[in-house]
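Enquirer: File follows, data_28.txt with compact mmCIF, C-alpha atoms and all ligand atoms:
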# COMPACT_ATOMS: atom_id res chain seq x y z
CA MET A 1140 1.88 -23.84 -18.74
CA SER A 1141 -1.70 -24.92 -19.17
CA LYS A 1142 -4.51 -22.86 -17.80
CA ASN A 1143 -5.47 -25.57 -15.30
CA VAL A 1144 -2.04 -25.59 -13.80
CA VAL A 1145 -2.18 -21.87 -13.27
CA VAL A 1146 -5.61 -22.08 -11.69
CA LEU A 1147 -4.33 -24.81 -9.41
CA LEU A 1148 -1.40 -22.66 -8.35
CA PHE A 1149 -3.81 -19.84 -7.71
CA PHE A 1150 -5.47 -22.04 -5.11
CA VAL A 1151 -2.14 -23.03 -3.65
CA LEU A 1152 -1.58 -19.33 -3.08
CA PHE A 1153 -4.99 -19.10 -1.47
CA SER A 1154 -4.11 -21.81 1.01
CA CYS A 1155 -0.96 -19.85 1.64
CA VAL A 1156 -2.95 -17.11 3.28
CA PHE A 1157 -5.80 -19.06 4.79
CA GLY A 1158 -3.52 -21.58 6.46
CA SER A 1159 -1.73 -18.93 8.44
CA TYR A 1160 -3.48 -18.08 11.67
CA GLY A 1161 -2.77 -21.36 13.45
CA HIS A 1162 0.89 -20.87 14.07
CA LEU A 1163 0.78 -17.20 14.87
CA SER A 1164 -0.07 -17.61 18.51
CA SER A 1165 2.97 -19.49 19.73
CA ALA A 1166 4.36 -16.59 21.78
CA GLY A 1167 1.17 -16.19 23.79
CA ALA A 1168 1.96 -18.28 26.85
CA GLY A 1169 5.12 -18.69 28.89
CA ALA A 1170 8.54 -17.38 27.91
CA PRO A 1171 8.60 -16.66 24.20
CA ASN A 1172 11.02 -18.52 22.03
CA LYS A 1173 13.78 -16.14 21.01
CA MET A 1174 12.77 -16.05 17.35
CA ASP A 1175 9.09 -15.63 18.10
CA VAL A 1176 9.39 -12.19 19.64
CA TYR A 1177 9.73 -10.68 16.19
CA ARG A 1178 6.33 -12.09 15.38
CA LEU A 1179 3.18 -10.52 16.71
CA PRO A 1180 1.69 -12.69 19.44
CA GLY A 1181 -1.65 -13.25 17.68
CA ASP A 1182 -3.72 -12.70 20.84
CA THR A 1183 -5.30 -9.67 19.19
CA THR A 1184 -5.86 -9.33 15.44
CA PRO A 1185 -7.00 -6.42 13.27
CA VAL A 1186 -10.45 -6.26 11.68
CA SER A 1187 -10.22 -2.86 9.95
CA TYR A 1188 -8.27 0.39 10.00
CA GLU A 1189 -9.12 4.00 9.58
CA LEU A 1190 -5.97 6.03 8.87
CA ASP A 1191 -5.92 9.79 8.75
CA LEU A 1192 -2.71 11.69 7.91
CA THR A 1193 -1.88 15.36 8.13
CA PRO A 1194 1.53 16.04 6.61
CA ASP A 1195 3.17 19.33 7.47
CA TYR A 1196 3.45 21.10 4.13
CA ASN A 1197 4.82 24.34 5.54
CA ARG A 1198 8.11 23.30 7.06
CA PHE A 1199 8.85 21.23 4.05
CA GLU A 1200 12.57 20.65 3.71
CA ASP A 1201 13.95 17.30 2.70
CA ASP A 1202 12.27 15.51 5.59
CA VAL A 1203 8.73 14.26 5.88
CA ASP A 1204 6.82 15.22 8.99
CA TYR A 1205 3.24 14.42 9.84
CA ASP A 1206 0.63 14.04 12.53
CA ALA A 1207 -1.71 11.14 12.19
CA GLU A 1208 -4.48 9.24 13.81
CA VAL A 1209 -5.32 5.61 13.34
CA GLU A 1210 -8.37 3.77 14.57
CA ILE A 1211 -8.00 -0.01 14.57
CA LEU A 1212 -10.91 -2.32 15.22
CA ILE A 1213 -9.50 -5.48 16.80
CA ASP A 1214 -10.64 -8.98 17.65
CA VAL A 1215 -9.42 -10.54 20.87
CA ARG A 1216 -8.53 -14.20 20.38
CA SER A 1217 -7.23 -14.90 23.87
CA THR A 1218 -7.62 -12.83 27.04
CA THR A 1219 -4.79 -10.34 27.40
CA SER A 1220 -3.94 -7.02 28.98
CA THR A 1221 -1.29 -6.11 26.42
CA ILE A 1222 -1.75 -5.09 22.79
CA THR A 1223 1.34 -5.57 20.64
CA LEU A 1224 1.71 -3.71 17.35
CA ASN A 1225 4.55 -3.11 14.91
CA CYS A 1226 6.01 0.41 15.12
CA LYS A 1227 9.23 1.91 13.89
CA ASP A 1228 10.30 5.47 14.71
CA ILE A 1229 6.77 6.45 15.62
CA LEU A 1230 6.13 8.85 18.48
CA ILE A 1231 2.83 7.89 20.06
CA TYR A 1232 1.06 10.80 21.75
CA VAL A 1233 -1.99 9.11 23.16
CA VAL A 1234 -3.87 5.81 22.99
CA TYR A 1235 -7.52 5.22 23.82
CA VAL A 1236 -9.10 1.78 23.98
CA HIS A 1237 -12.79 1.02 24.28
CA GLU A 1238 -15.08 -1.91 23.85
CA LYS A 1239 -16.84 -1.56 20.53
CA ILE A 1240 -20.42 -2.33 21.48
CA SER A 1241 -20.70 -1.10 25.07
CA GLU A 1242 -18.24 1.75 24.39
CA ASP A 1243 -16.75 1.13 27.86
CA ASN A 1244 -13.25 2.56 28.15
CA VAL A 1245 -10.28 0.42 29.04
CA ASP A 1246 -7.59 2.47 30.78
CA VAL A 1247 -4.13 2.52 29.24
CA ILE A 1248 -1.29 2.31 31.78
CA GLU A 1249 1.70 2.70 29.53
CA VAL A 1250 2.89 2.52 25.93
CA ARG A 1251 6.38 1.12 25.60
CA ASN A 1252 8.72 0.96 22.59
CA ASP A 1253 10.30 -2.38 21.89
CA THR A 1254 12.79 -0.93 19.44
CA GLU A 1255 14.71 -4.12 18.79
CA ASN A 1256 11.61 -5.98 17.61
CA GLU A 1257 10.11 -2.95 15.85
CA GLN A 1258 7.10 -3.20 18.11
CA CYS A 1259 5.24 -1.10 20.61
CA LYS A 1260 3.29 -2.54 23.48
CA ILE A 1261 0.18 -1.01 24.98
CA PHE A 1262 -0.31 -2.06 28.61
CA LEU A 1263 -3.88 -1.93 29.91
CA LYS A 1264 -5.30 -1.68 33.41
CA SER A 1265 -7.80 -4.49 32.84
CA LYS A 1266 -7.93 -7.51 30.61
CA LEU A 1267 -9.46 -7.56 27.15
CA ARG A 1268 -11.94 -10.42 26.91
CA ALA A 1269 -11.65 -13.08 24.25
CA GLY A 1270 -14.31 -13.01 21.56
CA ILE A 1271 -15.04 -9.29 22.06
CA GLN A 1272 -14.13 -6.49 19.64
CA TYR A 1273 -12.35 -3.36 20.83
CA VAL A 1274 -11.51 -0.07 19.20
CA LEU A 1275 -7.97 1.20 19.47
CA ASN A 1276 -7.42 4.88 18.83
CA ILE A 1277 -3.84 6.14 18.44
CA GLU A 1278 -2.65 9.68 17.87
CA TYR A 1279 0.97 9.86 16.79
CA HIS A 1280 3.69 11.80 15.06
CA VAL A 1281 6.36 10.83 12.55
CA ASN A 1282 9.40 12.73 11.38
CA ILE A 1283 11.44 11.00 8.70
CA LYS A 1284 14.75 12.83 8.45
CA VAL A 1285 16.71 10.53 6.21
CA ASN A 1286 15.25 10.02 2.78
CA ASN A 1287 16.11 6.51 1.66
CA MET A 1288 13.13 6.23 -0.68
CA GLU A 1289 11.22 4.05 1.75
CA GLY A 1290 8.19 4.43 3.94
CA PHE A 1291 6.58 7.80 3.25
CA TYR A 1292 9.06 9.82 1.23
CA LYS A 1293 9.60 12.80 -0.96
CA SER A 1294 10.76 12.71 -4.55
CA THR A 1295 11.91 15.87 -6.33
CA TYR A 1296 12.33 16.88 -9.95
CA ASN A 1297 13.02 19.95 -12.02
CA LYS A 1298 10.27 21.62 -13.94
CA LYS A 1299 10.98 23.16 -17.33
CA SER A 1300 10.68 26.50 -15.64
CA GLU A 1301 13.75 25.46 -13.60
CA HIS A 1302 12.12 25.47 -10.22
CA LYS A 1303 12.18 22.36 -8.12
CA GLU A 1304 8.98 20.45 -7.57
CA TRP A 1305 8.17 17.64 -5.17
CA LEU A 1306 5.81 14.77 -4.71
CA LEU A 1307 5.15 12.63 -1.66
CA LEU A 1308 4.63 8.91 -1.93
CA THR A 1309 4.74 5.60 -0.10
CA TYR A 1310 7.00 2.62 -0.66
CA LEU A 1311 6.14 0.06 2.00
CA GLU A 1312 7.21 -3.40 0.86
CA PRO A 1313 8.38 -5.36 2.71
CA ILE A 1314 8.18 -3.85 6.20
CA GLY A 1315 7.69 -0.12 5.70
CA ALA A 1316 4.09 0.07 6.89
CA ARG A 1317 5.28 0.05 10.52
CA ARG A 1318 7.08 3.33 9.80
CA LEU A 1319 3.87 4.85 8.48
CA LEU A 1320 1.47 3.75 11.21
CA PRO A 1321 1.35 1.48 14.26
CA CYS A 1322 -0.16 -1.69 12.78
CA TYR A 1323 -0.18 -5.46 12.53
CA ASP A 1324 2.53 -5.45 9.88
CA GLU A 1325 2.52 -9.09 8.81
CA PRO A 1326 1.21 -10.10 5.40
CA SER A 1327 -1.42 -12.53 6.70
CA TYR A 1328 -3.36 -9.75 8.42
CA LYS A 1329 -5.33 -8.48 5.47
CA THR A 1330 -8.05 -6.01 6.43
CA PRO A 1331 -10.03 -3.16 4.86
CA PHE A 1332 -8.45 0.28 5.15
CA ASN A 1333 -10.13 3.66 5.15
CA ILE A 1334 -7.48 6.19 4.20
CA SER A 1335 -7.69 9.97 4.31
CA LEU A 1336 -5.07 12.69 4.12
CA THR A 1337 -4.65 16.42 3.68
CA ARG A 1338 -2.95 18.00 0.70
CA PRO A 1339 -2.19 21.50 -0.55
CA ARG A 1340 -4.82 22.94 -2.83
CA ASN A 1341 -2.58 22.95 -5.89
CA LYS A 1342 -1.77 19.26 -5.69
CA ALA A 1343 -3.89 16.13 -5.93
CA SER A 1344 -3.77 12.87 -4.06
CA ARG A 1345 -4.36 9.31 -5.21
CA SER A 1346 -4.60 6.11 -3.21
CA ASN A 1347 -5.41 2.44 -3.75
CA MET A 1348 -9.08 3.30 -4.07
CA PRO A 1349 -10.82 6.22 -5.79
CA LEU A 1350 -11.65 9.43 -3.99
CA TYR A 1351 -14.81 9.27 -1.93
CA LYS A 1352 -15.08 12.95 -1.01
CA SER A 1353 -12.95 16.02 -0.27
CA TYR A 1354 -13.37 19.04 1.88
CA TYR A 1355 -11.51 22.28 2.03
CA ASP A 1356 -10.37 23.35 5.46
CA LYS A 1357 -10.31 27.15 5.36
CA SER A 1358 -8.24 27.69 8.47
CA ALA A 1359 -5.49 25.26 7.44
CA ARG A 1360 -5.87 26.20 3.76
CA GLU A 1361 -5.65 22.56 2.89
CA THR A 1362 -7.94 19.99 1.39
CA ARG A 1363 -8.76 16.71 3.08
CA ASP A 1364 -9.26 13.79 0.71
CA VAL A 1365 -11.16 10.74 1.89
CA PHE A 1366 -10.86 7.54 -0.12
CA VAL A 1367 -13.30 4.70 -0.56
CA GLN A 1368 -12.63 1.76 1.74
CA THR A 1369 -10.24 -0.86 0.32
CA PRO A 1370 -11.02 -4.57 0.15
CA PRO A 1371 -8.96 -6.60 2.66
CA ILE A 1372 -5.38 -5.61 1.85
CA ALA A 1373 -1.94 -6.42 3.25
CA THR A 1374 -0.38 -3.49 5.14
CA HIS A 1375 2.62 -3.29 2.80
CA MET A 1376 0.34 -2.76 -0.21
CA ILE A 1377 -1.47 0.33 1.03
CA SER A 1378 -0.36 3.34 -0.91
CA PHE A 1379 -0.86 6.99 -1.70
CA VAL A 1380 0.77 9.77 -3.70
CA VAL A 1381 0.43 13.53 -3.29
CA SER A 1382 1.61 15.29 -6.45
CA GLY A 1383 0.96 17.85 -9.15
CA PHE A 1384 0.98 15.09 -11.75
CA VAL A 1385 -1.57 14.75 -14.51
CA SER A 1386 -2.88 11.58 -16.11
CA LYS A 1387 -3.67 10.09 -19.46
CA THR A 1388 -6.20 7.34 -19.90
CA ALA A 1389 -7.47 5.35 -22.83
CA GLY A 1390 -11.19 4.71 -23.00
CA THR A 1391 -12.26 1.38 -21.55
CA ALA A 1392 -15.23 -0.77 -22.37
CA ALA A 1393 -18.21 -0.79 -20.03
CA GLY A 1394 -17.54 -2.81 -16.90
CA GLU A 1395 -13.78 -2.49 -17.21
CA SER A 1396 -11.66 -0.55 -14.74
CA PRO A 1397 -9.86 2.40 -16.33
CA VAL A 1398 -6.06 2.60 -16.21
CA TYR A 1399 -4.62 6.06 -15.55
CA VAL A 1400 -0.97 6.79 -16.30
CA PHE A 1401 0.53 9.74 -14.39
CA SER A 1402 3.53 11.98 -14.90
CA ASP A 1403 4.57 15.57 -14.63
CA VAL A 1404 2.69 17.71 -17.15
CA ASP A 1405 5.93 18.50 -19.05
CA ARG A 1406 6.28 14.83 -19.92
CA MET A 1407 2.72 14.00 -20.65
CA ASP A 1408 3.34 13.39 -24.35
CA GLN A 1409 5.46 10.42 -23.42
CA LEU A 1410 2.56 8.63 -21.79
CA ARG A 1411 0.70 7.87 -25.00
CA TYR A 1412 2.22 4.48 -25.62
CA VAL A 1413 1.75 2.93 -22.17
CA SER A 1414 -1.68 4.46 -21.67
CA GLY A 1415 -2.82 2.94 -24.95
CA GLU A 1416 -1.42 -0.53 -24.27
CA ALA A 1417 -2.01 -0.93 -20.53
CA PRO A 1418 -5.78 -1.55 -20.70
CA LYS A 1419 -5.16 -4.39 -23.16
CA LEU A 1420 -2.71 -6.00 -20.76
CA LEU A 1421 -5.22 -5.71 -17.94
CA SER A 1422 -7.99 -7.37 -19.91
CA ALA A 1423 -5.61 -10.13 -21.04
CA MET A 1424 -5.02 -10.92 -17.36
CA GLU A 1425 -8.76 -10.90 -16.69
CA LYS A 1426 -9.43 -13.22 -19.58
CA PHE A 1427 -6.72 -15.63 -18.58
CA THR A 1428 -7.49 -15.85 -14.87
CA GLU A 1429 -11.25 -15.53 -15.40
CA VAL A 1430 -11.19 -13.28 -12.36
CA GLN A 1431 -12.08 -9.65 -12.93
CA TYR A 1432 -9.68 -6.98 -11.73
CA GLU A 1433 -11.05 -6.24 -8.29
CA LEU A 1434 -10.61 -2.49 -7.90
CA PRO A 1435 -12.48 0.31 -9.70
CA LYS A 1436 -9.31 1.79 -11.26
CA LEU A 1437 -5.59 1.23 -11.68
CA ASP A 1438 -3.06 4.08 -11.52
CA LEU A 1439 0.47 3.84 -12.94
CA PHE A 1440 2.86 6.55 -11.70
CA ALA A 1441 6.22 7.50 -13.24
CA ILE A 1442 8.32 8.46 -10.19
CA PRO A 1443 11.51 10.55 -10.55
CA ASP A 1444 13.32 9.01 -7.50
CA PHE A 1445 12.61 5.35 -7.14
CA LYS A 1446 14.62 2.65 -5.42
CA SER A 1447 13.59 -0.44 -7.38
CA ASP A 1448 12.11 -0.97 -10.84
CA ALA A 1449 8.49 -0.91 -9.82
CA MET A 1450 6.05 -1.57 -6.98
CA GLY A 1451 2.72 -3.25 -7.56
CA ASN A 1452 0.59 -1.77 -4.76
CA TRP A 1453 -3.04 -2.67 -5.22
CA GLY A 1454 -4.65 -0.13 -7.54
CA LEU A 1455 -1.66 2.23 -7.50
CA ASN A 1456 1.53 1.00 -9.16
CA THR A 1457 4.70 3.05 -9.09
CA PHE A 1458 7.57 2.82 -11.57
CA ARG A 1459 10.92 4.17 -12.46
CA GLU A 1460 10.30 6.80 -15.12
CA LYS A 1461 12.08 4.92 -17.88
CA TYR A 1462 9.38 2.24 -17.96
CA LEU A 1463 6.44 4.54 -18.52
CA LEU A 1464 7.89 7.52 -20.38
CA LEU A 1465 8.35 6.45 -23.98
CA ASP A 1466 8.29 8.46 -27.20
CA ASP A 1467 9.20 8.37 -30.89
CA MET A 1468 12.88 8.21 -30.00
CA SER A 1469 12.45 5.13 -27.77
CA SER A 1470 14.02 1.93 -29.03
CA SER A 1471 11.92 -1.15 -29.47
CA LYS A 1472 13.90 -2.64 -26.58
CA ALA A 1473 12.83 0.24 -24.34
CA ASN A 1474 9.23 -0.14 -25.47
CA GLU A 1475 9.31 -3.83 -24.74
CA SER A 1476 10.86 -3.50 -21.31
CA GLY A 1477 8.41 -0.71 -20.39
CA LEU A 1478 5.34 -2.74 -21.26
CA SER A 1479 6.65 -5.90 -19.69
CA MET A 1480 7.34 -4.08 -16.43
CA VAL A 1481 3.78 -2.76 -16.48
CA GLN A 1482 2.54 -6.28 -17.09
CA ARG A 1483 4.59 -7.61 -14.21
CA GLU A 1484 3.00 -5.25 -11.72
CA MET A 1485 -0.44 -5.93 -13.17
CA ALA A 1486 0.03 -9.62 -12.48
CA ARG A 1487 0.70 -8.71 -8.87
CA GLN A 1488 -2.83 -7.30 -8.63
CA TRP A 1489 -3.97 -10.93 -8.71
CA PHE A 1490 -0.94 -12.82 -7.40
CA GLY A 1491 0.07 -10.81 -4.38
CA ASN A 1492 -2.87 -8.51 -3.74
CA LEU A 1493 -6.04 -10.46 -4.36
CA VAL A 1494 -4.20 -13.50 -3.03
CA THR A 1495 -1.36 -12.88 -0.60
CA CYS A 1496 1.15 -15.28 0.91
CA SER A 1497 1.00 -15.36 4.66
CA TRP A 1498 4.68 -14.81 5.32
CA TRP A 1499 7.65 -13.08 3.74
CA ASP A 1500 9.38 -16.36 2.95
CA TYR A 1501 6.86 -16.99 0.21
CA LEU A 1502 6.85 -13.57 -1.38
CA TRP A 1503 9.03 -14.98 -4.16
CA LEU A 1504 5.89 -16.76 -5.34
CA HIS A 1505 4.26 -13.42 -6.13
CA ASP A 1506 7.27 -12.51 -8.20
CA ALA A 1507 7.36 -15.89 -9.86
CA PHE A 1508 3.78 -15.48 -11.07
CA ALA A 1509 4.45 -11.91 -12.07
CA ALA A 1510 7.45 -13.00 -14.12
CA TYR A 1511 5.43 -15.70 -15.84
CA PHE A 1512 2.67 -13.32 -16.82
CA GLN A 1513 5.16 -10.70 -17.83
CA TYR A 1514 5.84 -12.88 -20.87
CA PHE A 1515 2.54 -14.65 -21.30
CA SER A 1516 0.33 -11.61 -21.42
CA MET A 1517 2.76 -9.54 -23.40
CA ASP A 1518 2.87 -12.28 -25.96
CA SER A 1519 -0.91 -12.38 -26.30
CA VAL A 1520 -1.24 -8.62 -26.61
CA ARG A 1521 1.82 -7.67 -28.60
CA PRO A 1522 3.26 -10.77 -30.26
CA PRO A 1523 5.76 -8.84 -32.41
CA LEU A 1524 7.54 -7.43 -29.39
CA ILE A 1525 8.80 -10.75 -28.08
CA ASN A 1526 10.19 -13.56 -30.16
C1 LIG A 1601 9.54 5.67 21.36
O1 LIG A 1601 10.06 5.86 20.04
C2 LIG A 1601 9.80 7.15 19.49
C3 LIG A 1601 10.28 7.15 18.06
O2 LIG A 1601 11.61 6.73 17.95
C4 LIG A 1601 10.48 8.22 20.34
O3 LIG A 1601 10.23 9.50 19.80
C5 LIG A 1601 9.91 8.12 21.75
O4 LIG A 1601 10.56 9.05 22.57
C6 LIG A 1601 10.09 6.73 22.31
N1 LIG A 1601 9.38 6.65 23.58
C7 LIG A 1601 9.98 6.30 24.71
C8 LIG A 1601 9.12 6.26 25.92
O5 LIG A 1601 11.18 6.02 24.77
C1 LIG A 1602 -14.99 3.46 5.77
O1 LIG A 1602 -15.45 3.93 4.53
C2 LIG A 1602 -16.73 3.46 4.15
C3 LIG A 1602 -17.05 4.06 2.80
O2 LIG A 1602 -16.01 3.85 1.88
C4 LIG A 1602 -17.78 3.85 5.18
O3 LIG A 1602 -19.01 3.27 4.83
C5 LIG A 1602 -17.35 3.36 6.55
O4 LIG A 1602 -18.23 3.84 7.52
C6 LIG A 1602 -15.94 3.85 6.87
N1 LIG A 1602 -15.52 3.28 8.13
C7 LIG A 1602 -15.15 4.02 9.15
C8 LIG A 1602 -14.70 3.30 10.35
O5 LIG A 1602 -15.14 5.22 9.05
C1 LIG A 1603 8.36 2.86 -29.25
O1 LIG A 1603 7.10 3.41 -28.94
C2 LIG A 1603 6.94 4.75 -29.36
C3 LIG A 1603 5.62 5.29 -28.79
O2 LIG A 1603 4.52 4.63 -29.34
C4 LIG A 1603 6.99 4.80 -30.86
O3 LIG A 1603 6.82 6.14 -31.32
C5 LIG A 1603 8.33 4.26 -31.31
O4 LIG A 1603 8.38 4.22 -32.70
C6 LIG A 1603 8.55 2.87 -30.75
N1 LIG A 1603 9.89 2.45 -31.09
C7 LIG A 1603 10.11 1.48 -31.98
C8 LIG A 1603 11.54 1.21 -32.31
O5 LIG A 1603 9.19 0.84 -32.48
Show how you would write the structure in this file as structure tokens.
Expert:
Amino acid sequence: MSKNVVVLLFFVLFSCVFGSYGHLSSAGAGAPNKMDVYRLPGDTTPVSYELDLTPDYNRFEDDVDYDAEVEILIDVRSTTSTITLNCKDILIYVVYVHEKISEDNVDVIEVRNDTENEQCKIFLKSKLRAGIQYVLNIEYHVNIKVNNMEGFYKSTYNKKSEHKEWLLLTYLEPIGARRLLPCYDEPSYKTPFNISLTRPRNKASRSNMPLYKSYYDKSARETRDVFVQTPPIATHMISFVVSGFVSKTAGTAAGESPVYVFSDVDRMDQLRYVSGEAPKLLSAMEKFTEVQYELPKLDLFAIPDFKSDAMGNWGLNTFREKYLLLDDMSSSKANESGLSMVQREMARQWFGNLVTCSWWDYLWLHDAFAAYFQYFSMDSVRPPLIN
């Protein structure tokens, strides 16, 4: 495939996301078409989110339990007295709505679950006016009892010392974000996210973006980590990990984003290969697309319990262990499949994250590009591995 063809397809993907808003508002007036109710009505749209999570680390069994608060800045596209969000198994405690500039409150009458459509509806006493921005503040609680390696989940592993260790992580594609927070969980609604969360002192957290600051809360004996704001991102690509993992990184040239490869400290020796090769794959993608990798860093995590092969969240990719943990005993086949899986998720940083298709039907395009680059870039970096 020539470079021009790829650049052309890149723009096709762009039109994928920019062409989306028009047909989102079909359920606004009159009786909604039966299929449309699964879609958000489009009368309000998100501008940015601030998400703050406080997992309960004391009652930690197999389930995941947390309190959270989300502040969503919204645009009103057509006058309405109902705000519809995606929610799944979220217990909403309280919702406050106010106009952004005047700070006038809008009273909330009721919050209703629409379980079948995985939505919740916030009914207001007065109408929101079109063209005005409002701030939506939601305090809520989530308890995930069944661990199916989706949403916000816990992965466990055995340390050499025989005791069991855990890490907490997200896996949100395709529609897991609505289990993490009430949100506009459709891929066309890309907005900046400010993420913060608490963690125990002996663990660290990582997210799409680097850490902005942390503070230690003496009374809770926990640390709150605040991350730098993301660029506009699709809800299913937001991500974080709380773990005791450590990382290896190869030095990068000035102006290049470092790649950090994470695993449990017992297996750190096995990270040498991927951590050495990954930065080369990233710069091969930059050279080819002539678009610099957008985020300040890229993390690759080897996860003990993982439901697919890998997930290419923006700036924080997660993998089955076998793709990242390689050593002298690894076959050349294992080395090849490890690197090519890394390459695949790297391609998704451009085709999927930087540019995102507006609806799930087209997600195969992200994978198609990823698959193409899986071979292209590998071939340019490590020709002997593929023939
Ligand atoms: C809405 O759903 C949540 C989560 O399933 C549940 O805890 C809550 O009781 C429901 N609220 C109402 C009013 O039914
Ligand atoms: C989000 O984070 C940025 C810094 O990364 C900060 O400037 C901004 O004020 C934050 N937004 C909110 C709503 O807190
Ligand atoms: C696979 O990679 C590891 C780590 O660099 C290396 O030690 C090993 O020799 C490689 N396997 C083969 C068959 O080349």
Enquirer: Please measure the separation of CA of Arg1268 (chain A) and CA of Ser1220 (chain A), giving the value in Å to one decimal.
Expert: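 Computed distance, CA of Arg1268 (chain A) to CA of Ser1220 (chain A), equals 8.9 Å.
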Enquirer: With all atoms listed in the file as the basis for distance, which of A:Phe1427, A:Leu1336, A:Met1517, A:Leu1437 is at the shortest distance from Ser1476 (chain A)?
Expert: A:Met1517
Enquirer: Which protein, DNA or RNA residues have an atom within 6 Å of ligand LIG 1602 (chain A), counting all atoms listed in the file, as a ChimeraX atom specification?
Expert: /A:1189,1333,1367-1368
Enquirer: What's around Thr1254 (chain A) at 9 Å? Count only C-alpha atoms, leave out sequence neighbours fewer than 6 positions away in its own chain, and write the answer as a ChimeraX atom specification.
Expert: /A:1226-1228
Enquirer: Go through A:Arg1363, A:Asp1405, A:Asp1182, A:Phe1384 and flag the residue nearest Ser1300 (chain A), using only C-alpha atoms for the distances.
Expert: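 Among the listed residues, the smallest separation from Ser1300 (chain A) belongs to A:Asp1405.
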Enquirer: Kindly compute an axis-aligned box around the listed atoms of ligand LIG 1601 (chain A), allowing 8 Å on each side, and express its centre and edge lengths in Å to one decimal as AutoDock Vina command-line options.
Expert:
--center_x 10.4 --center_y 7.6 --center_z 21.9 --size_x 18.5 --size_y 19.8 --size_z 24.0
Enquirer: Under the rule that only C-alpha atoms and all ligand atoms are counted, which of A:Pro1185, A:Gly1394, A:Pro1321, A:Gly1451 is the nearest residue to ligand LIG 1601 (chain A)?
Expert: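 When distances to ligand LIG 1601 (chain A) are compared using only C-alpha atoms and all ligand atoms, the smallest one comes from A:Pro1321.
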Enquirer: Hey, which residues sit close to ligand LIG 1601 (chain A)? Say within 10 Å, counting all atoms listed in the file, and write them as a list of chain:residue names.
Expert: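 Result of the 10 Å neighbour search around ligand LIG 1601 (chain A): A:Cys1226, A:Lys1227, A:Asp1228, A:Ile1229, A:Leu1230, A:Ile1231, A:Tyr1232, A:Glu1249, A:Val1250, A:Arg1251, A:Asn1252, A:Asp1253, A:Thr1254, A:Glu1257, A:Gln1258, A:Cys1259, A:Tyr1279, A:His1280, A:Val1281, A:Asn1282, A:Arg1318.
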Enquirer: Check the smallest atom-to-atom distance from each of A:His1237, A:Arg1411, A:Lys1342, A:Lys1303 to ligand LIG 1603 (chain A) using all atoms listed in the file, then report the winner.
Expert: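 Answer, going by the shortest atom-to-atom distance: A:Arg1411.
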Enquirer: Around ligand LIG 1603 (chain A), at most 12 Å away and counting only C-alpha atoms and all ligand atoms, which residues are there? Put them as number ranges by chain, please.
Expert: A: 1408-1416, 1462-1478, 1521, 1523-1524
